[in-house]
file entry27.cif (mmCIF, C-alpha atoms and all ligand atoms)
data_protein
loop_
_atom_site.label_atom_id
_atom_site.label_comp_id
_atom_site.auth_asym_id
_atom_site.auth_seq_id
_atom_site.Cartn_x
_atom_site.Cartn_y
_atom_site.Cartn_z
CA MET A 1 3.00 23.64 23.10
CA ALA A 2 4.88 21.20 20.83
CA ALA A 3 4.20 21.07 17.08
CA GLU A 4 5.14 18.34 14.61
CA ALA A 5 5.84 18.57 10.85
CA PHE A 6 6.50 15.91 8.23
CA ALA A 7 9.58 16.32 6.02
CA PRO A 8 8.83 14.29 2.87
CA ALA A 9 11.50 13.01 0.50
CA LYS A 10 11.91 15.26 -2.56
CA ILE A 11 12.28 13.49 -5.90
CA ASN A 12 13.45 15.20 -9.09
CA LEU A 13 11.66 13.16 -11.77
CA ALA A 14 13.48 15.27 -14.38
CA LEU A 15 16.26 17.83 -13.95
CA HIS A 16 17.67 19.91 -16.78
CA VAL A 17 20.59 22.24 -16.10
CA THR A 18 20.07 25.28 -18.33
CA GLY A 19 22.79 27.76 -17.36
CA LYS A 20 25.19 29.05 -14.75
CA ARG A 21 25.05 32.31 -12.80
CA SER A 22 28.08 34.50 -12.19
CA ASP A 23 28.10 33.35 -8.52
CA GLY A 24 28.58 29.74 -9.67
CA TYR A 25 25.03 28.55 -8.92
CA HIS A 26 23.37 26.67 -11.77
CA LEU A 27 20.00 27.43 -13.35
CA ILE A 28 17.80 24.37 -13.41
CA ASP A 29 14.43 23.30 -14.81
CA SER A 30 13.05 20.37 -12.83
CA LEU A 31 9.87 18.37 -12.25
CA VAL A 32 9.74 17.78 -8.50
CA VAL A 33 7.40 15.53 -6.53
CA PHE A 34 7.28 14.58 -2.85
CA ALA A 35 6.89 11.11 -1.41
CA ALA A 36 4.98 9.63 1.50
CA VAL A 37 8.30 8.57 3.10
CA GLY A 38 10.28 11.15 5.05
CA ASP A 39 11.69 12.59 8.27
CA LYS A 40 9.78 14.18 11.15
CA VAL A 41 10.59 17.44 12.95
CA THR A 42 9.05 18.39 16.30
CA ALA A 43 9.45 21.86 17.85
CA GLU A 44 8.74 22.85 21.45
CA PRO A 45 9.64 25.99 23.42
CA SER A 46 13.23 26.02 24.67
CA ARG A 47 13.50 26.13 28.47
CA ASP A 48 16.91 27.80 28.64
CA GLY A 49 16.67 30.40 25.86
CA ASN A 50 19.01 28.48 23.50
CA TRP A 51 18.39 26.49 20.31
CA HIS A 52 18.61 22.72 20.79
CA LEU A 53 18.36 19.68 18.53
CA ALA A 54 18.00 15.98 19.40
CA ILE A 55 18.21 13.42 16.59
CA ASN A 56 16.82 9.88 16.55
CA GLY A 57 15.79 7.40 13.84
CA PRO A 58 17.66 4.96 11.57
CA PHE A 59 20.01 7.58 10.02
CA ALA A 60 20.58 9.64 13.22
CA LEU A 61 24.21 8.58 13.52
CA GLY A 62 25.11 10.26 10.21
CA LEU A 63 24.36 13.75 11.53
CA ASN A 64 25.60 16.03 14.28
CA PRO A 65 23.00 17.89 16.34
CA ASP A 66 25.11 21.08 16.10
CA PRO A 67 24.58 24.57 14.58
CA SER A 68 25.59 23.27 11.12
CA ASN A 69 22.38 21.24 11.00
CA LEU A 70 19.83 22.77 8.63
CA VAL A 71 17.10 22.40 11.27
CA ILE A 72 18.97 24.76 13.63
CA LYS A 73 19.85 27.10 10.73
CA ALA A 74 16.16 27.25 9.76
CA GLY A 75 15.22 27.98 13.36
CA LYS A 76 17.71 30.84 13.62
CA LEU A 77 16.47 32.31 10.32
CA SER A 78 12.93 32.30 11.70
CA GLY A 79 14.10 34.34 14.72
CA ASP A 80 13.53 34.23 18.50
CA PRO A 81 12.26 32.76 20.75
CA PRO A 82 14.51 29.67 20.38
CA ALA A 83 13.08 26.16 20.36
CA LEU A 84 14.04 22.58 21.16
CA PHE A 85 13.77 20.45 18.01
CA THR A 86 13.58 16.69 17.74
CA LEU A 87 14.44 15.27 14.31
CA THR A 88 13.53 11.70 13.38
CA LYS A 89 15.94 10.92 10.53
CA ARG A 90 14.52 8.23 8.26
CA LEU A 91 15.97 9.47 4.95
CA PRO A 92 19.56 8.70 3.95
CA ILE A 93 21.91 11.69 4.12
CA ALA A 94 23.43 13.50 1.12
CA ALA A 95 21.29 11.26 -1.06
CA GLY A 96 19.65 13.54 -3.65
CA ILE A 97 16.23 13.38 -2.02
CA GLY A 98 16.47 16.69 -0.22
CA GLY A 99 16.62 15.37 3.32
CA GLY A 100 18.30 18.44 4.78
CA SER A 101 16.19 20.93 2.79
CA SER A 102 12.97 19.11 3.66
CA ASP A 103 14.00 19.06 7.35
CA ALA A 104 14.65 22.82 7.20
CA ALA A 105 11.23 23.43 5.64
CA ALA A 106 9.56 21.18 8.24
CA ALA A 107 11.36 23.04 11.04
CA LEU A 108 9.94 26.35 9.73
CA ARG A 109 6.45 24.85 9.53
CA ALA A 110 6.68 23.35 13.03
CA LEU A 111 7.82 26.68 14.54
CA SER A 112 5.00 28.51 12.79
CA ASP A 113 2.47 25.97 14.14
CA MET A 114 4.05 26.15 17.60
CA ASP A 115 3.68 29.89 18.20
CA GLY A 116 2.29 31.47 15.04
CA ARG A 117 5.54 33.06 13.89
CA PRO A 118 5.67 33.82 10.14
CA ILE A 119 7.67 31.74 7.67
CA PRO A 120 10.73 33.93 6.92
CA GLN A 121 11.48 35.43 3.50
CA ASP A 122 14.62 34.33 1.66
CA VAL A 123 14.41 30.66 2.63
CA VAL A 124 16.52 29.92 -0.48
CA SER A 125 19.50 31.16 1.59
CA LEU A 126 19.15 27.89 3.58
CA GLY A 127 19.44 25.82 0.40
CA ALA A 128 18.22 25.91 -3.20
CA ASP A 129 15.71 23.12 -2.48
CA VAL A 130 14.10 24.74 0.56
CA PRO A 131 11.44 26.82 -1.31
CA VAL A 132 10.04 23.76 -3.10
CA CYS A 133 10.23 21.71 0.12
CA LEU A 134 8.15 24.36 1.92
CA ARG A 135 5.32 23.77 -0.56
CA ALA A 136 5.86 20.00 -0.63
CA GLU A 137 3.64 19.46 -3.66
CA PRO A 138 4.37 18.59 -7.31
CA ALA A 139 6.00 21.59 -9.00
CA ARG A 140 8.15 22.77 -11.85
CA MET A 141 11.22 24.35 -10.25
CA ARG A 142 13.33 26.90 -12.13
CA GLY A 143 15.95 29.57 -11.40
CA ILE A 144 18.27 28.06 -8.81
CA GLY A 145 15.17 26.64 -7.10
CA GLU A 146 13.18 29.74 -6.11
CA ASP A 147 10.94 29.97 -9.21
CA LEU A 148 8.06 27.52 -8.70
CA SER A 149 5.06 26.84 -10.93
CA PRO A 150 2.24 24.28 -10.74
CA VAL A 151 2.17 21.11 -12.86
CA PRO A 152 -0.67 18.77 -13.90
CA PRO A 153 -1.74 16.33 -11.16
CA MET A 154 0.28 13.15 -10.79
CA PRO A 155 -1.41 10.00 -12.08
CA LYS A 156 -1.57 6.94 -9.80
CA VAL A 157 2.02 5.67 -9.72
CA TYR A 158 4.20 3.65 -7.37
CA LEU A 159 7.84 4.45 -6.74
CA VAL A 160 10.73 2.39 -5.49
CA LEU A 161 13.57 4.49 -4.06
CA VAL A 162 17.00 2.88 -3.93
CA ASN A 163 20.17 4.25 -2.34
CA ALA A 164 23.44 2.38 -2.00
CA THR A 165 23.95 4.50 1.17
CA ARG A 166 26.92 6.33 -0.28
CA HIS A 167 27.08 10.08 0.36
CA MET A 168 27.12 12.19 -2.78
CA SER A 169 28.24 15.83 -2.58
CA THR A 170 25.82 18.07 -4.50
CA ARG A 171 28.59 20.62 -4.99
CA ALA A 172 30.98 17.98 -6.42
CA VAL A 173 28.33 16.73 -8.86
CA PHE A 174 27.61 20.25 -10.17
CA GLN A 175 31.38 20.83 -10.48
CA THR A 176 31.78 17.64 -12.53
CA LEU A 177 29.02 18.65 -14.97
CA GLU A 178 30.59 19.25 -18.40
CA THR A 179 28.01 21.60 -19.98
CA ALA A 180 25.71 23.98 -18.12
CA ASP A 181 23.90 25.41 -21.18
CA ASN A 182 21.42 22.68 -22.02
CA ASP A 183 17.87 22.66 -23.39
CA PRO A 184 15.09 23.37 -20.89
CA MET A 185 12.65 20.66 -19.84
CA PRO A 186 9.69 20.28 -22.22
CA ASP A 187 6.43 21.73 -20.84
CA PRO A 188 4.68 19.19 -18.61
CA VAL A 189 1.46 17.83 -20.16
CA PRO A 190 -1.46 16.12 -18.38
CA TRP A 191 -0.53 12.49 -17.71
CA ASP A 192 -3.43 10.02 -17.89
CA ASP A 193 -1.61 7.16 -16.21
CA ALA A 194 1.77 5.85 -15.11
CA ALA A 195 2.68 4.77 -18.67
CA ALA A 196 1.99 8.29 -20.00
CA LEU A 197 4.17 9.80 -17.28
CA ALA A 198 6.96 7.30 -18.08
CA ASP A 199 6.71 8.10 -21.81
CA TRP A 200 6.92 11.82 -21.08
CA LEU A 201 9.90 11.33 -18.74
CA LYS A 202 11.70 9.54 -21.58
CA THR A 203 11.70 12.90 -23.43
CA THR A 204 13.47 14.54 -20.46
CA ARG A 205 16.82 14.13 -18.68
CA ASN A 206 18.59 14.41 -15.40
CA ASP A 207 21.68 16.36 -16.48
CA LEU A 208 23.33 15.58 -13.12
CA GLU A 209 23.19 11.83 -13.74
CA PRO A 210 26.21 11.60 -16.12
CA PRO A 211 28.54 13.49 -13.71
CA ALA A 212 27.21 11.48 -10.75
CA ARG A 213 27.84 8.24 -12.66
CA ARG A 214 31.42 9.38 -13.25
CA LEU A 215 31.91 10.17 -9.55
CA ASP A 216 30.37 6.98 -8.18
CA GLY A 217 29.96 3.66 -9.96
CA THR A 218 27.09 2.61 -7.69
CA VAL A 219 24.73 4.94 -9.60
CA ALA A 220 24.93 2.78 -12.74
CA ARG A 221 24.57 -0.37 -10.64
CA THR A 222 21.53 1.04 -8.85
CA ILE A 223 19.79 1.95 -12.12
CA ASP A 224 20.61 -1.50 -13.56
CA ARG A 225 19.11 -3.22 -10.51
CA ILE A 226 15.90 -1.17 -10.82
CA GLU A 227 15.59 -1.61 -14.59
CA ASP A 228 15.92 -5.39 -14.18
CA THR A 229 12.73 -5.59 -12.09
CA GLU A 230 9.42 -6.71 -13.56
CA GLY A 231 7.00 -3.92 -14.40
CA CYS A 232 9.53 -1.10 -14.14
CA LEU A 233 8.32 1.60 -16.56
CA PHE A 234 11.18 4.02 -16.00
CA ALA A 235 14.29 4.43 -13.82
CA ARG A 236 16.45 7.49 -13.15
CA MET A 237 18.62 9.19 -10.53
CA SER A 238 17.00 11.92 -8.37
CA GLY A 239 18.68 15.32 -7.84
CA SER A 240 22.44 15.06 -7.47
CA GLY A 241 22.16 11.40 -6.44
CA ALA A 242 22.90 8.83 -5.52
CA THR A 243 19.27 7.78 -4.81
CA CYS A 244 17.51 6.45 -7.92
CA PHE A 245 13.81 5.81 -8.43
CA GLY A 246 11.85 3.22 -10.37
CA LEU A 247 8.34 4.00 -11.59
CA TYR A 248 5.61 1.30 -11.59
CA ALA A 249 1.92 1.16 -12.50
CA SER A 250 1.08 -1.47 -9.92
CA GLU A 251 1.73 -1.62 -6.19
CA ASP A 252 2.36 -5.35 -6.45
CA ASN A 253 5.13 -4.87 -8.98
CA ALA A 254 6.71 -2.10 -6.88
CA ARG A 255 6.68 -4.27 -3.74
CA ARG A 256 8.14 -7.25 -5.60
CA ALA A 257 10.80 -5.03 -7.17
CA ALA A 258 11.83 -3.69 -3.76
CA LYS A 259 12.01 -7.23 -2.37
CA ALA A 260 14.14 -8.41 -5.30
CA ILE A 261 16.58 -5.48 -4.99
CA ARG A 262 16.88 -6.03 -1.21
CA GLY A 263 17.63 -9.68 -1.94
CA PHE A 264 20.56 -8.74 -4.20
CA GLU A 265 21.75 -5.77 -2.12
CA PRO A 266 20.88 -6.30 1.56
CA GLU A 267 22.93 -3.27 2.68
CA TRP A 268 21.10 -0.79 0.46
CA TRP A 269 18.22 1.49 1.48
CA VAL A 270 15.19 0.39 -0.54
CA THR A 271 11.65 1.64 0.00
CA THR A 272 8.33 1.65 -1.85
CA THR A 273 6.29 4.83 -1.79
CA THR A 274 3.81 7.00 -3.69
CA PRO A 275 3.94 10.69 -4.64
CA LEU A 276 2.00 12.97 -2.25
C1 LIG B 301 20.35 19.17 -7.03
C2 LIG B 301 19.13 19.74 -6.36
O1 LIG B 301 18.85 18.99 -5.17
C3 LIG B 301 17.93 19.60 -7.30
O2 LIG B 301 16.69 19.74 -6.64
C4 LIG B 301 19.33 21.20 -5.97
O3 LIG B 301 19.64 21.95 -7.12
C5 LIG B 301 20.39 21.37 -4.89
O4 LIG B 301 19.75 21.92 -3.78
P1 LIG B 301 20.49 22.03 -2.36
O5 LIG B 301 21.08 20.72 -1.97
O6 LIG B 301 19.48 22.68 -1.45
O7 LIG B 301 21.65 23.00 -2.74
P2 LIG B 301 22.49 24.06 -1.88
O8 LIG B 301 22.72 23.52 -0.50
O9 LIG B 301 21.87 25.40 -2.03
O10 LIG B 301 23.85 24.05 -2.69
C6 LIG B 301 24.86 23.06 -2.58
C7 LIG B 301 25.88 23.30 -3.67
O11 LIG B 301 25.35 22.83 -4.93
C8 LIG B 301 25.64 23.74 -5.99
N1 LIG B 301 24.38 24.21 -6.58
C9 LIG B 301 23.20 24.06 -5.93
C10 LIG B 301 22.00 24.46 -6.50
C11 LIG B 301 22.06 25.05 -7.79
N2 LIG B 301 20.92 25.46 -8.40
N3 LIG B 301 23.25 25.21 -8.43
C12 LIG B 301 24.41 24.79 -7.84
O12 LIG B 301 25.47 24.92 -8.43
C13 LIG B 301 26.49 24.84 -5.39
O13 LIG B 301 27.83 24.49 -5.61
C14 LIG B 301 26.21 24.77 -3.91
O14 LIG B 301 27.32 25.16 -3.15
N1 LIG B 302 18.95 17.86 8.83
C1 LIG B 302 19.83 17.46 7.91
N2 LIG B 302 19.60 16.34 7.20
C2 LIG B 302 20.47 15.94 6.25
N3 LIG B 302 21.61 16.57 5.97
C3 LIG B 302 21.90 17.68 6.65
C4 LIG B 302 21.02 18.17 7.64
N4 LIG B 302 21.56 19.29 8.13
C5 LIG B 302 22.72 19.49 7.49
N5 LIG B 302 22.95 18.52 6.60
C6 LIG B 302 24.12 18.42 5.70
O1 LIG B 302 23.67 18.76 4.39
C7 LIG B 302 24.34 17.97 3.40
C8 LIG B 302 23.33 17.54 2.31
O2 LIG B 302 22.44 16.64 2.88
P1 LIG B 302 21.02 16.28 2.23
O3 LIG B 302 20.59 14.99 2.85
O4 LIG B 302 20.12 17.43 2.31
O5 LIG B 302 21.49 16.07 0.74
P2 LIG B 302 20.73 15.80 -0.57
O6 LIG B 302 19.61 14.83 -0.30
O7 LIG B 302 21.75 15.40 -1.58
O8 LIG B 302 20.11 17.18 -0.94
P3 LIG B 302 19.62 17.70 -2.33
O9 LIG B 302 18.70 16.69 -2.94
O10 LIG B 302 18.88 18.94 -1.85
O11 LIG B 302 20.85 17.96 -3.12
C9 LIG B 302 24.99 16.80 4.12
O12 LIG B 302 26.37 16.88 3.93
C10 LIG B 302 24.63 16.98 5.59
O13 LIG B 302 25.74 16.82 6.44
#
call {"tool": "encode", "arguments": {"input": "entry27.cif", "output": "structure tokens"}}
result
Amino acid sequence: MAAEAFAPAKINLALHVTGKRSDGYHLIDSLVVFAAVGDKVTAEPSRDGNWHLAINGPFALGLNPDPSNLVIKAGKLSGDPPALFTLTKRLPIAAGIGGGSSDAAAALRALSDMDGRPIPQDVVSLGADVPVCLRAEPARMRGIGEDLSPVPPMPKVYLVLVNATRHMSTRAVFQTLETADNDPMPDPVPWDDAAALADWLKTTRNDLEPPARRLDGTVARTIDRIEDTEGCLFARMSGSGATCFGLYASEDNARRAAKAIRGFEPEWWVTTTTPL
């Protein structure tokens, strides 16, 4: 029997880099939320005893359906029997919104729904973002991504996600970071409304934004475009970029902002969404 799982976009509302391990991985302290926009992964039993992947959707052409795909890697980690996956790729690739990690987590969920197999241990070996993507709910993420703790509920907010559809290498951004030993994120506090969340975010950082800005000038342009829109309470880059988000209190303002940005930059990926 086939099973389907949603792979929501992951957004780092704040991301502090607090250290570096001897293996080169960085310690982070991040407020992560998930959005109602995302990919879809379907799993069904394989007929020939091999793992298979078919990819469709608006960003399908950017990916190869081969063993390097995180969906297949997740399947193999979960063990036999193999499955046939179908991935609907709606999120831009290498964009700082965890597309690959969220797909891997969705693949594990779909397999578990398909035949009851357990979610494997050590999912962080698939990618530092996979543990948080498996939970797919607001969280504070520490360590290299494996240490998760709950955060106060999100207030009603509207997000506009903007990507200039330029691939950004997570590894290159971490390598361009000048200082790894930075202050941790302040403790999250209950946020009454969108304005309170925006005010709190102003006391935080994304330490990967300065190196990403140095690597790709479209990050600054993306933030400028978002900040210029009416009603934008806060704008920042997510993860290692280059997707940036704008935060709005009203759905109307978010929709108008998205329309305005699309008008200026018709080639960019622009979407309005809400945190899950
Ligand atoms: C930037 C974030 O997306 C924030 O949520 C994550 O920290 C990165 O998660 P990810 O894309 O799943 O990362 P991985 O695929 O595990 O690692 C890609 C590369 O990023 C660097 N990397 C990643 C995570 C981390 N905590 N420290 C690192 O230095 C490493 O050079 C690694 O080779
Ligand atoms: N199913 C997948 N979807 C997207 N990328 C994949 C997938 N499988 C493998 N990859 C590879 O993983 C790399 C990172 O892609 P992804 O879209 O996950 O980046 P990202 O959004 O920057 O991730 P993060 O926010 O976790 O840093 C790309 O180079 C891509 O080729």
call {"tool": "residues_near_ligand", "arguments": {"input": "entry27.cif", "ligand": "ligand LIG 302 (chain B)", "cutoff": "7 Å", "atoms": "only C-alpha atoms and all ligand atoms", "output": "PyMOL selection string"}}
result
chain A and resi 10+63+68-71+92-101+103-104+129+168-170+239-241
call {"tool": "write_last_selection", "arguments": {"input": "entry27.cif", "atoms": "C-alpha atoms", "output": "compact mmCIF listing (two decimals), keeping the file's coordinate frame"}}
result
# COMPACT_ATOMS: atom_id res chain seq x y z
CA LYS A 10 11.91 15.26 -2.56
CA LEU A 63 24.36 13.75 11.53
CA SER A 68 25.59 23.27 11.12
CA ASN A 69 22.38 21.24 11.00
CA LEU A 70 19.83 22.77 8.63
CA VAL A 71 17.10 22.40 11.27
CA PRO A 92 19.56 8.70 3.95
CA ILE A 93 21.91 11.69 4.12
CA ALA A 94 23.43 13.50 1.12
CA ALA A 95 21.29 11.26 -1.06
CA GLY A 96 19.65 13.54 -3.65
CA ILE A 97 16.23 13.38 -2.02
CA GLY A 98 16.47 16.69 -0.22
CA GLY A 99 16.62 15.37 3.32
CA GLY A 100 18.30 18.44 4.78
CA SER A 101 16.19 20.93 2.79
CA ASP A 103 14.00 19.06 7.35
CA ALA A 104 14.65 22.82 7.20
CA ASP A 129 15.71 23.12 -2.48
CA MET A 168 27.12 12.19 -2.78
CA SER A 169 28.24 15.83 -2.58
CA THR A 170 25.82 18.07 -4.50
CA GLY A 239 18.68 15.32 -7.84
CA SER A 240 22.44 15.06 -7.47
CA GLY A 241 22.16 11.40 -6.44
call {"tool": "atom_distance", "arguments": {"input": "entry27.cif", "atom1": "atom CA of A:Ala139", "atom2": "atom CA of A:Val123"}}
result
17.0 Å
call {"tool": "closest_residue", "arguments": {"input": "entry27.cif", "among": "A:Tyr25, A:Trp200, A:Tyr248, A:Phe59", "to": "ligand LIG 301 (chain B)", "atoms": "only C-alpha atoms and all ligand atoms"}}
result
A:Tyr25
call {"tool": "atom_distance", "arguments": {"input": "entry27.cif", "atom1": "atom CA of A:Leu13", "atom2": "atom CA of A:Glu230"}}
result
20.1 Å
call {"tool": "closest_residue", "arguments": {"input": "entry27.cif", "among": "A:Cys133, A:Ala9, A:Val219, A:Ala105", "to": "A:Lys89", "atoms": "all atoms listed in the file"}}
result
A:Ala9
call {"tool": "residues_around", "arguments": {"input": "entry27.cif", "residues": "A:Val17", "least_positions_apart": "3", "cutoff": "10 Å", "atoms": "all atoms listed in the file", "output": "ChimeraX atom specification"}}
result
/A:20,26-30,142-144,174,177,179-185,205-208
call {"tool": "write_last_selection", "arguments": {"input": "entry27.cif", "atoms": "C-alpha atoms", "output": "mmCIF file, in the coordinates of the input"}}
result
data_model
loop_
_atom_site.group_PDB
_atom_site.id
_atom_site.type_symbol
_atom_site.label_atom_id
_atom_site.label_comp_id
_atom_site.auth_asym_id
_atom_site.auth_seq_id
_atom_site.Cartn_x
_atom_site.Cartn_y
_atom_site.Cartn_z
ATOM 1 C CA LYS A 20 25.190 29.050 -14.750
ATOM 2 C CA HIS A 26 23.370 26.670 -11.770
ATOM 3 C CA LEU A 27 20.000 27.430 -13.350
ATOM 4 C CA ILE A 28 17.800 24.370 -13.410
ATOM 5 C CA ASP A 29 14.430 23.300 -14.810
ATOM 6 C CA SER A 30 13.050 20.370 -12.830
ATOM 7 C CA ARG A 142 13.330 26.900 -12.130
ATOM 8 C CA GLY A 143 15.950 29.570 -11.400
ATOM 9 C CA ILE A 144 18.270 28.060 -8.810
ATOM 10 C CA PHE A 174 27.610 20.250 -10.170
ATOM 11 C CA LEU A 177 29.020 18.650 -14.970
ATOM 12 C CA THR A 179 28.010 21.600 -19.980
ATOM 13 C CA ALA A 180 25.710 23.980 -18.120
ATOM 14 C CA ASP A 181 23.900 25.410 -21.180
ATOM 15 C CA ASN A 182 21.420 22.680 -22.020
ATOM 16 C CA ASP A 183 17.870 22.660 -23.390
ATOM 17 C CA PRO A 184 15.090 23.370 -20.890
ATOM 18 C CA MET A 185 12.650 20.660 -19.840
ATOM 19 C CA ARG A 205 16.820 14.130 -18.680
ATOM 20 C CA ASN A 206 18.590 14.410 -15.400
ATOM 21 C CA ASP A 207 21.680 16.360 -16.480
ATOM 22 C CA LEU A 208 23.330 15.580 -13.120
#
call {"tool": "axis_aligned_box", "arguments": {"input": "entry27.cif", "around": "ligand LIG 301 (chain B)", "padding_each_side": "5 Å", "output": "JSON"}}
result
{"center_x": 22.3, "center_y": 22.2, "center_z": -4.5, "size_x": 21.1, "size_y": 16.5, "size_z": 17.9}
call {"tool": "residues_around", "arguments": {"input": "entry27.cif", "residues": "A:Ser46", "least_positions_apart": "3", "cutoff": "7 Å", "atoms": "all atoms listed in the file", "output": "ChimeraX atom specification"}}
result
/A:49-51,82-84
call {"tool": "closest_residue", "arguments": {"input": "entry27.cif", "among": "A:Leu126, A:Ile261, A:Met141, A:Val37", "to": "A:Lys76", "atoms": "all atoms listed in the file"}}
result
A:Leu126
call {"tool": "residues_around", "arguments": {"input": "entry27.cif", "residues": "A:Val124", "least_positions_apart": "4", "cutoff": "8 Å", "atoms": "all atoms listed in the file", "output": "ChimeraX atom specification"}}
result
/A:128-131,145-146
call {"tool": "closest_residue", "arguments": {"input": "entry27.cif", "among": "A:Met154, A:Leu53, A:Ala7, A:Ala43", "to": "A:Ser102", "atoms": "all atoms listed in the file"}}
result
A:Ala7
